[in-house]
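Q: Here it is, the structure, as structure tokens.
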Amino acid sequence: MDPLTALLVTVITAATPLLFAAVGELVVERSGVLNLGVEGMMLAGAVTGFAVTLTTGSGTIGIIAAAFAGAAMALVFGFLTLTLLANQVATGLALTIFGVGLSALVGSGFVGTPLPRLPRLDLPGLTDLPVVGPLLFGHDVLVYLAVVLTLAVAWFLARSRAGMILRAVGENHEAAHGLGYPVIRIRYFAVLFGGLTAGLGGAFLSLAYTPMWIEQMTAGRGWIALALVVFAAWRPLRVLVGAYLFGGVTILQLHAQGMGLFAVPSQVLSMLPYLATIVVLVVISAGPWKGRLQAPACLGRPFHPTH
Amino acid sequence: MTVARLVLSGIRKAYPGVLANDDVALTIGQGEIHALLGENGAGKSTLVKIIYGVLAPDAGEIAWEGRTVTIDSPHAARALGIGMVFQHFSLFDALSVLENVALGLDAKLDRKTLAERIIEVSEAYGLPLDPHREVHELSVGERQRIEIVRCLLQSPRLLIMDEPTSVLTPQEVDRLFLTLRQLAAEGVSILYISHKLHEIEALCDAATIMRGGRVVAHCDPRTETARSMAELMVGSSFAAPEKPEKRLKRAPRFSVNALDLPTAEVFGTALREISFDVQVGEIFGIAGVAGNGQSELLAALSGERPTASESVVIDGQKIGRLGPRARRLHGLAYIPEERNGHGAVPDLTLADNALLSAYDRRGLLASGVVRHGRASAFAAEIIDRFGVRATGPAARASSLSGGNLQKFVVGREILQAPNVLIAAQPTWGVDAGAAAAIHQALIDLAGHGVAVLVVSQDLDELMALTDRMAVLNGGRLSRPLVTADATVEQIGLLMGGLHDLPDEVPHGDGQPEATHAQA
Amino acid sequence: MLRLEPRAAISHRMRWLTPLFAVALTVLTGAMLFAAMGYDPIQSLRAFFVDPLTSRYGLAELGVKATPLILIATGLAVGFRAGVWNIGAEGQLTLGALAGGSVALLFWNQEGWWILPLMGIAAVVGGMAWAAIPAFLKSRFDVNEILVSLMLTYVGLLLLSALIYGPLKSPEGFGFPESRMFSESAMLPNILEGTRLHLGAAVTALVVVVVWFLMTRTLFGFQVTVIGQAPAAARFAGFSQKAMIWTSLLLGGGLAGLAGLFEVAGPIGQIVPTISPGYGFTAIIVAFLGRLHPFGIVLAGLLVALSYLGGENAQITVGMPQAVTGVFQGMLLFFLLAADVLVRYRLRFGSPATSPKAVRS
């Protein structure tokens with residue numbers, strides 16, 4: 001594998017957890033709910049995926065458990081914000097704080113335990129093709145799942161009737177309610193889906209990216225995923241592009257650190273993904289796209305079906 | 001004798017503290033256009049939501065074509081053949097016309113078939129629509145067509161129209177009536193909800209009048225007069241506001257000069273070259289269908305969006321660049337259209353709401369520290385002088401009825417002794433008693449030499465109140481007309497965007513030179 | 001089925017009762033959690049909530065831990081009331097500690113009454129500078145302040161790491177990533193003999209009173225309330241939202257910066273790689289638990305400080321992992337948010353009295 005191909009392969013791995021988290025959050029936000037607890041749900045997924053894989057010896061069970069852990073966290077968020085109408089911003093923050101604490105508690109016995117990496121899908125012949133082989137084939141199943149999921153979400157939102165209803169709920173919940181659509185139930189589904197994918201993103205981190213458990217190993221990826229959704233103007237395919245761009249930034253700074261390319265402390269290079277996020281947010285909020293930056297009209301607004 | 005399409009009997013619906021519907025009965029025949037008439041808060045909306053399955057009644061019986069039914073969801077209503085066009089359209093701005101129609105249909109048609117059906121129906125009933133445009137690009141009238149077409153696609157046997165004309169120009173109203181009559185002739189029953197009496201006289205075969213949650217009368221609008229129906233609706237005879245004869249002085253108190261303002265919102269309207277003067281003691285009206293730049297104009301005039309310095313002038317002082325606080329110090333007062341959350345903060349007390357705009361002009365501050373006692377006293381004065389029904393200055397704004405809160409807001413601005421008062425939809429959603437009181441207060445204020453500007457969609461209100469009026473359309477203002485000489489037809493044409501009025505527009509005495517006639 | 005029925009007006013009794021419900025539920029759930037983890041719940045709760053308070057030193061420690069929480073939360077609460085979501089206090093704290101601590105190191109081994117005030121100013125400016133970035137981006141370009149302030153927290157922590165492994169590292173420190181110990185003039189004086197309670201606690205108390213006055217007695221406080229509750233009404237009144245974004249972020253950032261300085265010039269005494277155990281985030285919980293009211297925040301700050309002390313104590317006495325503290329704090333905020341529904345709604349159980357079935361068919 002030549003160095004450039006190797007670099008691109010690592011970009012794909014760095015992008016995958018972001019893609020999982022962002023595409024889930026995109027669906028949540030399209031339904032009109034702002035869940036800032038992505039980081040917490042990812043951590044729950046990461047620690048659960050790790051613990052279950054370690055105890056059962058099965059990566060598959062671990063991944064499924066991680067998805068459920070993320071969804072369980074999302075359920076708490078949903079109950080608070082959708083049923084009890086709690087403030088979505090505050091509840092999302094609480095979810096993250098809780099997720100950090102809970103994952104640290106659950107994971108306190110696992111710190112430093114190694115785990116074999118998830119198996120890669122080796123397709124004899126294909127994986128060995130030059131450049132294309134390592135880029136397209138030979139990843140673990142989660143990498144493909146993330147891409148497939150994103151394409152499926154894109155199709156769902158643009159083409160399916162259920163997707164249209166979900167968009168309608170995020171656009172005008174009063175009207176959707178007036179037409180007889182179950183706003184709260186639809187939002188529950190969206191929130192749970194967001195938890196599921198955030199859990200998968202977390203599992204990818206602890207099972208494939210760095211197969212071990214480290215406290216707060218998400219390192220802000222949940223928040224970057226939130227920024228990605230804004231960057232993508234709530235469009236799934238742009239989330240795909242955005243996640244890969246961010247994966248690129250992450251990997252480039254890692255390589256720059258490794259090769260000592262710049263005469264700056266490694267920490268300065270580590271700042272790059274966070275600074276890039278800010279720059280992207282500024283560009284997207286201030287640039288010529290501003291007018292078309294259409295957040296779902298009901299984003300973050302609680303809904304209580306009254307008279 | 002055919003069986004009635006819909007018979008309601010003994011319908012009752014209570015909310016905490018309010019009996020919204022009490023023993024309501026209503027019968028609609030086949031092919032009948034039936035008016036449901038009543039003031040805001042009379043219980044019309046509640047009743048309609050019960051018929052459409054949005055709300056469940058506490059008691060009562062619904063019979064559909066002779067069969068007793070339970071309508072527990074809008075789906076159930078549509079399955080029976082009931083269609084509804086909401087007052088506040090249940091549309092989705094970021095979605096296409098096609099998607100909006102599809103969302104309201106229970107049958108699942110593929111996109112192509114649906115698009116064809118939309119075009120078919122819209123042509124058959126004179127409601128032209130392009131299925132592939134997004135809703136935010138459409139005018140209010142076009143948006144209403146989506147709702148109507150959406151209903152018609154399901155071949156309804158009862159069509160409910162909730163205040164359908166409040167957002168239309170008079171010409172669009174005529175157009176709508178043609179469609180409704182065509183439907184009625186085909187046997188569709190129509191329940192027409194309104195408080196506009198002349199429309200009901202012109203359109204409806206039967207009327208049910210509600211007041212305070214109860215049915216007070218069933219009548220035939222073709223034999224009643226507007227006045228008799230109005231008295232049934234309000235419950236007492238009411239007096240039109242007293243407008244003293246007066247001669248306008250040619251002394252502009254408030255001038256707007258070539259005001260240009262780009263739009264701030266994605267789907268907003270830019271203002272172009274707006275110029276007019278309001279004289280000392282004059283009530284000047286600005287008519288127009290919502291969404292033609294009213295909110296932008298009000299933001300520019302109140303100072304919420306500062307503009308070029310010379311474009312807004314009070315008594316010779318250029319104030320265009322100033323914010324609301326500084327403009328208030330120059331004597332400008334403003335009554336926003338929306339009480340809840342704009343003119344007043346619902347969760348705060350009346351004392352705090354008195355502070356909201358009067359902190360400078362009523363001396364409610366001492367070097368940045370709030371004089372709570374004075375704010376309370378000022379609130380009490382407003383309550384007293386304007387007959388606001390509230391428990392006192394400590395009552396929360398949200399505890400007041402719409403009319404009482406509006407009286408409070410109006411009183412708060414008037415008691416600051418302004419030189420210029422801008423009022424947006426001052427009687428919107430207000431009961432008749434409060435509306436009359438507010439109109440009288442505005443007239444009295446003008447009598448004291450204050451320049452009053454009223455921006456309203458309610459033509460009747462402007463006709464009754466103003467000395468001169470102009471029409472806002474697409475961000476441009478027509479030349480002003482003297483109200484006493486203007487006809488509803490003229491105004492309607494202007495509202496529809498026809499600015500080139502024939503030259504025989506009457507010029508009344510005392511009218512200042514028409515400023516700029518805009519094309 | 002659980003149903004919510006809106007109250008005619010918000011319940012003020014509930015506003016102050018719900019935090020108590022939340023605390024009670026947290027303690028109850030905590031006991032179940034302890035039992036599930038195989039600890040004796042009564043003994044653990046004692047270790048967590050009672051034992052730390054049984055000595056003079058323990059009470060003073062409560063003050064030491066509560067000081068940064070209260071100081072930061074008081075500043076954040078102003079922003080939260082105005083709808084400005086600064087959640088990057090941890091980064092602002094770090095920058096304040098770096099700026100103030102750098103002044104201490106600059107004048108290392110010098111004496112003078114002016115050193116501490118200068119450090120204080122530097123810390124406030126440092127925290128404000130960090131908060132000014134989201135303020136500028138929000139007011140100028142409408143960039144989401146939540147994401148920016150949070151991203152800047154990561155950047156701030158990395159900056160601390162870069163500096164403590166670089167220019168701030170003590171020349172006499174055998175290569176450990178720590179600065180020199182601050183000299184006497186750069187340390188906050190103790191205000192209670194034999195404990196670590198420092199001047200910062202007194203300053204915090206003063207700040208609380210000043211902010212309380214600002215919020216309840218002045219036009220500024222009124223502006224905060226109106227902007228937070230009804231932005232359109234605030235524009236109508238002539239209150240500037242942009243000015244509020246700046247003011248509230250600078251206030252929050254400045255106080256967080258000061259809190260950072262109080263840590264390095266107080267209990268820690270030098271700049272180290274980890275200055276705060278997440279005070280900047282926990283202060284968010286404190287602000288909400290205290291109902292965004294300065295005096296409420298004092299009570300909430302003391303309670304949450306107890307969870308830190310209790311966590312440390314439970315680790316020593318019963319061997320419980322310290323992460324329990326974070327779980328406790330998260331639960332506390334959850335229960336509070338859940339209980340908050342009671343302020344605006346009444347809970348009703350069973351299907352609505354106005355069910356469709358009431359219509360006979």
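Residue numbering restarts at 1 in every chain; chains get A, B, ... in the order shown in the structure tokens, and ligands count up from 1 in that same order.
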Enumerate as JSON, numbers by chain all residues of range 71-265 of chain B assigned to alpha helix (DSSP H) by DSSP on the backbone, naming them with the chain letters and numbers the document uses.

A: {"B": [74, 75, 76, 77, 78, 79, 80, 97, 98, 99, 100, 101, 102, 103, 111, 112, 113, 114, 115, 116, 117, 118, 119, 120, 121, 122, 123, 124, 140, 141, 142, 143, 144, 145, 146, 147, 148, 149, 150, 151, 152, 170, 171, 172, 173, 174, 175, 176, 177, 178, 179, 180, 181, 182, 183, 184, 185, 197, 198, 199, 200, 201, 202, 203, 226, 227, 228, 229, 230, 231, 232, 233, 234]}

Q: Counting only C-alpha atoms, which residues in chain B sit no more than 7 Å from chain A? For each one, give the nearest pair of atoms and the distance in Å, sorted by chain then residue number, as a Markdown table.

A:
| residue | atom | partner | partner_atom | distance |
| --- | --- | --- | --- | --- |
| B:Val54 | CA | A:Gly178 | CA | 6.6 |
| B:Leu55 | CA | A:His307 | CA | 6.9 |
| B:Ser73 | CA | A:Gly180 | CA | 6.4 |
| B:Pro74 | CA | A:Gly180 | CA | 5.3 |
| B:His75 | CA | A:Gly180 | CA | 6.3 |
| B:Ser90 | CA | A:Ala175 | CA | 4.2 |
| B:Leu91 | CA | A:Ala175 | CA | 6.4 |
| B:Phe92 | CA | A:Asn172 | CA | 6.0 |
| B:Leu103 | CA | A:Ile165 | CA | 6.9 |
| B:Gly104 | CA | A:Leu179 | CA | 6.2 |
| B:Val266 | CA | A:Gly291 | CA | 5.8 |

Q: Find the residues around range 221-225 of chain A up to 7 Å (only C-alpha atoms counted), leave out those fewer than 2 positions away in its own chain, and share them as a list in words.

A: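 Close residues of range 221-225 of chain A: Leu18, Ala21, Ala22, Val38, Glu39, Met42, Thr218, Ala219, Ala227, Leu228, Val229 and Thr277 of chain A; Leu147 of chain C.
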
Q: What would the file look like if the residues just selected were written as an mmCIF file, in the first residue's frame with C-alpha atoms?

A:
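Produced file part36.cif, reproduced below:
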data_model
loop_
_atom_site.group_PDB
_atom_site.id
_atom_site.type_symbol
_atom_site.label_atom_id
_atom_site.label_comp_id
_atom_site.auth_asym_id
_atom_site.auth_seq_id
_atom_site.Cartn_x
_atom_site.Cartn_y
_atom_site.Cartn_z
ATOM 1 C CA LEU A 18 -18.554 11.435 12.709
ATOM 2 C CA ALA A 21 -23.307 10.568 14.772
ATOM 3 C CA ALA A 22 -24.069 13.325 12.273
ATOM 4 C CA VAL A 38 -24.682 13.349 20.955
ATOM 5 C CA GLU A 39 -21.380 13.262 22.833
ATOM 6 C CA MET A 42 -21.573 8.217 21.741
ATOM 7 C CA THR A 218 -14.969 10.737 21.910
ATOM 8 C CA ALA A 219 -12.962 13.941 22.484
ATOM 9 C CA ALA A 227 -21.554 21.279 13.669
ATOM 10 C CA LEU A 228 -21.443 18.990 10.639
ATOM 11 C CA VAL A 229 -25.221 18.943 10.459
ATOM 12 C CA THR A 277 -15.147 23.350 13.078
ATOM 13 C CA LEU C 147 -20.675 24.941 19.445
#

Q: What is the distance, in Å and to one decimal place, between CA of Ala4 in chain B and CA of Ala202 in chain B?

A: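 About the pair CA of Ala4 in chain B and CA of Ala202 in chain B: they are 22.9 Å apart.
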
Q: Mind dumping a table of every chain C residue within 7 Å of chain A, with the nearest atom pair and its distance in Å to one decimal, using only C-alpha atoms, sorted by chain and rising number, as JSON lines?

A:
{"residue": "C:Phe141", "atom": "CA", "partner": "A:Ala286", "partner_atom": "CA", "distance": 5.2}
{"residue": "C:Asp142", "atom": "CA", "partner": "A:Ser285", "partner_atom": "CA", "distance": 6.5}
{"residue": "C:Val143", "atom": "CA", "partner": "A:Ser285", "partner_atom": "CA", "distance": 5.9}
{"residue": "C:Leu147", "atom": "CA", "partner": "A:Trp223", "partner_atom": "CA", "distance": 6.8}
{"residue": "C:Val148", "atom": "CA", "partner": "A:Ile278", "partner_atom": "CA", "distance": 5.9}
{"residue": "C:Met151", "atom": "CA", "partner": "A:Tyr274", "partner_atom": "CA", "distance": 5.3}
{"residue": "C:Val155", "atom": "CA", "partner": "A:Met271", "partner_atom": "CA", "distance": 5.4}
{"residue": "C:Leu158", "atom": "CA", "partner": "A:Gln267", "partner_atom": "CA", "distance": 5.5}
{"residue": "C:Leu159", "atom": "CA", "partner": "A:Gln267", "partner_atom": "CA", "distance": 6.9}
{"residue": "C:Ser161", "atom": "CA", "partner": "A:Gln267", "partner_atom": "CA", "distance": 6.9}
{"residue": "C:Ala162", "atom": "CA", "partner": "A:Gln267", "partner_atom": "CA", "distance": 5.5}
{"residue": "C:Pro321", "atom": "CA", "partner": "A:Leu105", "partner_atom": "CA", "distance": 6.6}
{"residue": "C:Ala323", "atom": "CA", "partner": "A:Leu105", "partner_atom": "CA", "distance": 4.8}
{"residue": "C:Val324", "atom": "CA", "partner": "A:Leu105", "partner_atom": "CA", "distance": 6.0}
{"residue": "C:Gly326", "atom": "CA", "partner": "A:Gly101", "partner_atom": "CA", "distance": 4.1}
{"residue": "C:Val327", "atom": "CA", "partner": "A:Gly101", "partner_atom": "CA", "distance": 4.6}
{"residue": "C:Gly330", "atom": "CA", "partner": "A:Phe98", "partner_atom": "CA", "distance": 4.0}
{"residue": "C:Met331", "atom": "CA", "partner": "A:Phe98", "partner_atom": "CA", "distance": 6.6}
{"residue": "C:Leu333", "atom": "CA", "partner": "A:Ala94", "partner_atom": "CA", "distance": 6.1}
{"residue": "C:Phe334", "atom": "CA", "partner": "A:Ala94", "partner_atom": "CA", "distance": 6.4}
{"residue": "C:Leu337", "atom": "CA", "partner": "A:Ala86", "partner_atom": "CA", "distance": 5.8}
{"residue": "C:Ala338", "atom": "CA", "partner": "A:Leu80", "partner_atom": "CA", "distance": 5.8}
{"residue": "C:Val341", "atom": "CA", "partner": "A:Leu84", "partner_atom": "CA", "distance": 5.9}

Q: Should the cut-off be 8 Å, what would the residue list for chain B against chain C look like, counting only C-alpha atoms, as a PDB file with N, CA and C atoms, in the first residue's frame?

A:
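That gives us result14.pdb:
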ATOM      1  N   LYS B  13     -68.001  21.348  25.311  1.00  0.00           N
ATOM      2  CA  LYS B  13     -66.549  21.196  25.460  1.00  0.00           C
ATOM      3  C   LYS B  13     -66.067  22.219  26.485  1.00  0.00           C
ATOM      4  N   ALA B  56     -61.984  16.359  20.883  1.00  0.00           N
ATOM      5  CA  ALA B  56     -63.093  15.475  21.224  1.00  0.00           C
ATOM      6  C   ALA B  56     -64.049  16.244  22.130  1.00  0.00           C
ATOM      7  N   PRO B  57     -65.342  16.192  21.841  1.00  0.00           N
ATOM      8  CA  PRO B  57     -66.296  16.896  22.708  1.00  0.00           C
ATOM      9  C   PRO B  57     -66.458  16.155  24.034  1.00  0.00           C
ATOM     10  N   ASP B  58     -66.836  16.889  25.083  1.00  0.00           N
ATOM     11  CA  ASP B  58     -67.102  16.251  26.366  1.00  0.00           C
ATOM     12  C   ASP B  58     -68.451  15.534  26.329  1.00  0.00           C
ATOM     13  N   ALA B  59     -69.372  16.075  25.561  1.00  0.00           N
ATOM     14  CA  ALA B  59     -70.689  15.458  25.445  1.00  0.00           C
ATOM     15  C   ALA B  59     -71.301  15.911  24.137  1.00  0.00           C
ATOM     16  N   GLY B  60     -72.341  15.190  23.697  1.00  0.00           N
ATOM     17  CA  GLY B  60     -73.030  15.612  22.491  1.00  0.00           C
ATOM     18  C   GLY B  60     -73.016  14.541  21.426  1.00  0.00           C
ATOM     19  N   GLU B  61     -73.761  14.801  20.364  1.00  0.00           N
ATOM     20  CA  GLU B  61     -73.933  13.791  19.340  1.00  0.00           C
ATOM     21  C   GLU B  61     -73.687  14.400  17.965  1.00  0.00           C
ATOM     22  N   THR B  68     -75.316   8.263  13.250  1.00  0.00           N
ATOM     23  CA  THR B  68     -74.530   8.803  14.363  1.00  0.00           C
ATOM     24  C   THR B  68     -73.085   8.311  14.250  1.00  0.00           C
ATOM     25  N   VAL B  69     -72.144   9.235  14.387  1.00  0.00           N
ATOM     26  CA  VAL B  69     -70.741   8.858  14.188  1.00  0.00           C
ATOM     27  C   VAL B  69     -69.874   9.417  15.311  1.00  0.00           C
ATOM     28  N   THR B  70     -68.677   8.826  15.445  1.00  0.00           N
ATOM     29  CA  THR B  70     -67.637   9.376  16.316  1.00  0.00           C
ATOM     30  C   THR B  70     -66.500   9.816  15.413  1.00  0.00           C
ATOM     31  N   ILE B  71     -66.121  11.065  15.516  1.00  0.00           N
ATOM     32  CA  ILE B  71     -65.009  11.557  14.693  1.00  0.00           C
ATOM     33  C   ILE B  71     -63.842  11.773  15.638  1.00  0.00           C
ATOM     34  N   ASP B  72     -62.939  10.790  15.722  1.00  0.00           N
ATOM     35  CA  ASP B  72     -61.903  10.920  16.741  1.00  0.00           C
ATOM     36  C   ASP B  72     -60.562  11.347  16.167  1.00  0.00           C
ATOM     37  N   SER B 302     -40.716  51.877  13.715  1.00  0.00           N
ATOM     38  CA  SER B 302     -40.595  51.837  15.170  1.00  0.00           C
ATOM     39  C   SER B 302     -39.146  51.946  15.622  1.00  0.00           C
ATOM     40  N   GLU B 304     -37.044  49.359  15.299  1.00  0.00           N
ATOM     41  CA  GLU B 304     -36.499  48.021  15.531  1.00  0.00           C
ATOM     42  C   GLU B 304     -35.488  47.674  14.448  1.00  0.00           C
ATOM     43  N   GLY B 323     -32.572  53.975  17.365  1.00  0.00           N
ATOM     44  CA  GLY B 323     -33.275  52.770  17.799  1.00  0.00           C
ATOM     45  C   GLY B 323     -34.568  53.135  18.509  1.00  0.00           C
ATOM     46  N   PRO B 324     -35.354  52.127  18.938  1.00  0.00           N
ATOM     47  CA  PRO B 324     -36.669  52.398  19.539  1.00  0.00           C
ATOM     48  C   PRO B 324     -36.590  53.293  20.779  1.00  0.00           C
ATOM     49  N   ARG B 325     -35.566  53.102  21.592  1.00  0.00           N
ATOM     50  CA  ARG B 325     -35.485  53.871  22.842  1.00  0.00           C
ATOM     51  C   ARG B 325     -35.326  55.351  22.539  1.00  0.00           C
ATOM     52  N   GLY B 341     -45.669  38.586  23.513  1.00  0.00           N
ATOM     53  CA  GLY B 341     -44.282  38.400  23.143  1.00  0.00           C
ATOM     54  C   GLY B 341     -43.703  39.524  22.314  1.00  0.00           C
ATOM     55  N   HIS B 342     -44.508  40.501  21.892  1.00  0.00           N
ATOM     56  CA  HIS B 342     -43.947  41.656  21.185  1.00  0.00           C
ATOM     57  C   HIS B 342     -44.325  42.941  21.933  1.00  0.00           C
ATOM     58  N   GLY B 343     -45.619  43.197  22.031  1.00  0.00           N
ATOM     59  CA  GLY B 343     -46.057  44.379  22.768  1.00  0.00           C
ATOM     60  C   GLY B 343     -46.038  44.157  24.271  1.00  0.00           C
ATOM     61  N   ALA B 344     -46.057  42.905  24.679  1.00  0.00           N
ATOM     62  CA  ALA B 344     -46.056  42.584  26.102  1.00  0.00           C
ATOM     63  C   ALA B 344     -45.368  41.240  26.299  1.00  0.00           C
ATOM     64  N   VAL B 345     -44.856  41.021  27.504  1.00  0.00           N
ATOM     65  CA  VAL B 345     -44.218  39.743  27.831  1.00  0.00           C
ATOM     66  C   VAL B 345     -45.202  38.954  28.696  1.00  0.00           C
ATOM     67  N   ASP B 347     -45.288  36.267  30.576  1.00  0.00           N
ATOM     68  CA  ASP B 347     -44.995  35.750  31.910  1.00  0.00           C
ATOM     69  C   ASP B 347     -44.640  36.834  32.922  1.00  0.00           C
ATOM     70  N   LEU B 356     -41.824  48.111  30.372  1.00  0.00           N
ATOM     71  CA  LEU B 356     -41.247  47.676  29.099  1.00  0.00           C
ATOM     72  C   LEU B 356     -40.997  48.816  28.117  1.00  0.00           C
ATOM     73  N   SER B 357     -41.956  49.707  27.967  1.00  0.00           N
ATOM     74  CA  SER B 357     -41.738  50.780  26.994  1.00  0.00           C
ATOM     75  C   SER B 357     -41.722  52.159  27.650  1.00  0.00           C
ATOM     76  N   LEU B 365     -36.926  55.102  36.054  1.00  0.00           N
ATOM     77  CA  LEU B 365     -35.556  54.708  36.393  1.00  0.00           C
ATOM     78  C   LEU B 365     -34.880  55.811  37.184  1.00  0.00           C
ATOM     79  N   GLY B 368     -30.336  53.966  36.319  1.00  0.00           N
ATOM     80  CA  GLY B 368     -30.244  52.547  35.996  1.00  0.00           C
ATOM     81  C   GLY B 368     -30.992  51.638  36.950  1.00  0.00           C
ATOM     82  N   VAL B 369     -31.386  52.144  38.114  1.00  0.00           N
ATOM     83  CA  VAL B 369     -32.126  51.323  39.069  1.00  0.00           C
ATOM     84  C   VAL B 369     -33.622  51.527  38.838  1.00  0.00           C
ATOM     85  N   VAL B 370     -34.346  50.418  38.772  1.00  0.00           N
ATOM     86  CA  VAL B 370     -35.776  50.491  38.488  1.00  0.00           C
ATOM     87  C   VAL B 370     -36.536  50.972  39.722  1.00  0.00           C
ATOM     88  N   ARG B 396     -50.227  38.779  36.080  1.00  0.00           N
ATOM     89  CA  ARG B 396     -49.395  38.467  34.931  1.00  0.00           C
ATOM     90  C   ARG B 396     -50.130  38.813  33.636  1.00  0.00           C
ATOM     91  N   SER B 398     -50.252  37.250  30.978  1.00  0.00           N
ATOM     92  CA  SER B 398     -50.903  36.077  30.387  1.00  0.00           C
ATOM     93  C   SER B 398     -52.249  35.788  31.031  1.00  0.00           C
ATOM     94  N   SER B 399     -52.528  36.388  32.191  1.00  0.00           N
ATOM     95  CA  SER B 399     -53.806  36.112  32.846  1.00  0.00           C
ATOM     96  C   SER B 399     -54.932  36.990  32.285  1.00  0.00           C
TER      97      SER B 399
END

Q: Enter the distance from CA of Ala42 in chain B to CA of Ile209 in chain B, in Å, rounded to one decimal.

A: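 Here the two named atoms are 9.1 Å from each other.
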
Q: Could you tell me, as a ChimeraX atom specification, which residues of range 87-227 of chain B DSSP assigns to strand (DSSP E or B) when given the backbone?

A: /B:96,134,158-162,189-194,206-211,214-219

Q: Restricting the calculation to only C-alpha atoms: of A:Val33, A:Val9, A:Leu19, A:Ile214, which residue gets closest to Phe189 in chain A?

A: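 Among A:Val33, A:Val9, A:Leu19, A:Ile214, it is A:Val33 that comes nearest to Phe189 in chain A.
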
Q: To one decimal place in Å, what is the distance between CA of Leu493 in chain B and CA of Gln171 in chain B?

A: 7.4 Å

Q: Would you list the contacts of Pro418 in chain B as a PDB file with N, CA and C atoms, in the first residue's frame, taking every protein, DNA or RNA residue within 8 Å and counting only C-alpha atoms, but skipping same-chain residues closer than 3 positions in sequence?

A:
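Contents of part_26.pdb, freshly written:
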ATOM      1  N   GLY B 331     -40.757  61.153  21.051  1.00  0.00           N
ATOM      2  CA  GLY B 331     -42.212  61.229  21.068  1.00  0.00           C
ATOM      3  C   GLY B 331     -42.916  60.198  20.219  1.00  0.00           C
ATOM      4  N   LEU B 332     -42.204  59.153  19.801  1.00  0.00           N
ATOM      5  CA  LEU B 332     -42.844  58.120  18.992  1.00  0.00           C
ATOM      6  C   LEU B 332     -43.338  56.993  19.893  1.00  0.00           C
ATOM      7  N   ALA B 333     -44.573  56.603  19.731  1.00  0.00           N
ATOM      8  CA  ALA B 333     -45.093  55.441  20.459  1.00  0.00           C
ATOM      9  C   ALA B 333     -45.557  54.414  19.445  1.00  0.00           C
ATOM     10  N   GLU B 413     -49.112  53.083  25.851  1.00  0.00           N
ATOM     11  CA  GLU B 413     -48.493  53.964  24.866  1.00  0.00           C
ATOM     12  C   GLU B 413     -49.140  55.355  24.891  1.00  0.00           C
ATOM     13  N   ILE B 414     -50.470  55.385  25.019  1.00  0.00           N
ATOM     14  CA  ILE B 414     -51.152  56.684  24.981  1.00  0.00           C
ATOM     15  C   ILE B 414     -50.788  57.524  26.194  1.00  0.00           C
ATOM     16  N   LEU B 415     -50.677  56.894  27.368  1.00  0.00           N
ATOM     17  CA  LEU B 415     -50.376  57.652  28.591  1.00  0.00           C
ATOM     18  C   LEU B 415     -48.932  58.149  28.636  1.00  0.00           C
ATOM     19  N   LEU B 421     -48.233  58.238  17.109  1.00  0.00           N
ATOM     20  CA  LEU B 421     -48.536  56.875  17.547  1.00  0.00           C
ATOM     21  C   LEU B 421     -48.700  55.985  16.325  1.00  0.00           C
ATOM     22  N   VAL B 450     -52.167  64.564  18.033  1.00  0.00           N
ATOM     23  CA  VAL B 450     -51.184  63.514  17.782  1.00  0.00           C
ATOM     24  C   VAL B 450     -51.376  62.974  16.367  1.00  0.00           C
TER      25      VAL B 450
END

Q: If we count only C-alpha atoms, what is near Glu381 in chain B at a cut-off of 10 Å, once residues fewer than 4 positions away on the same chain are taken out, given as a ChimeraX atom specification?

A: /B:375-377,385-388,393,411-412,415
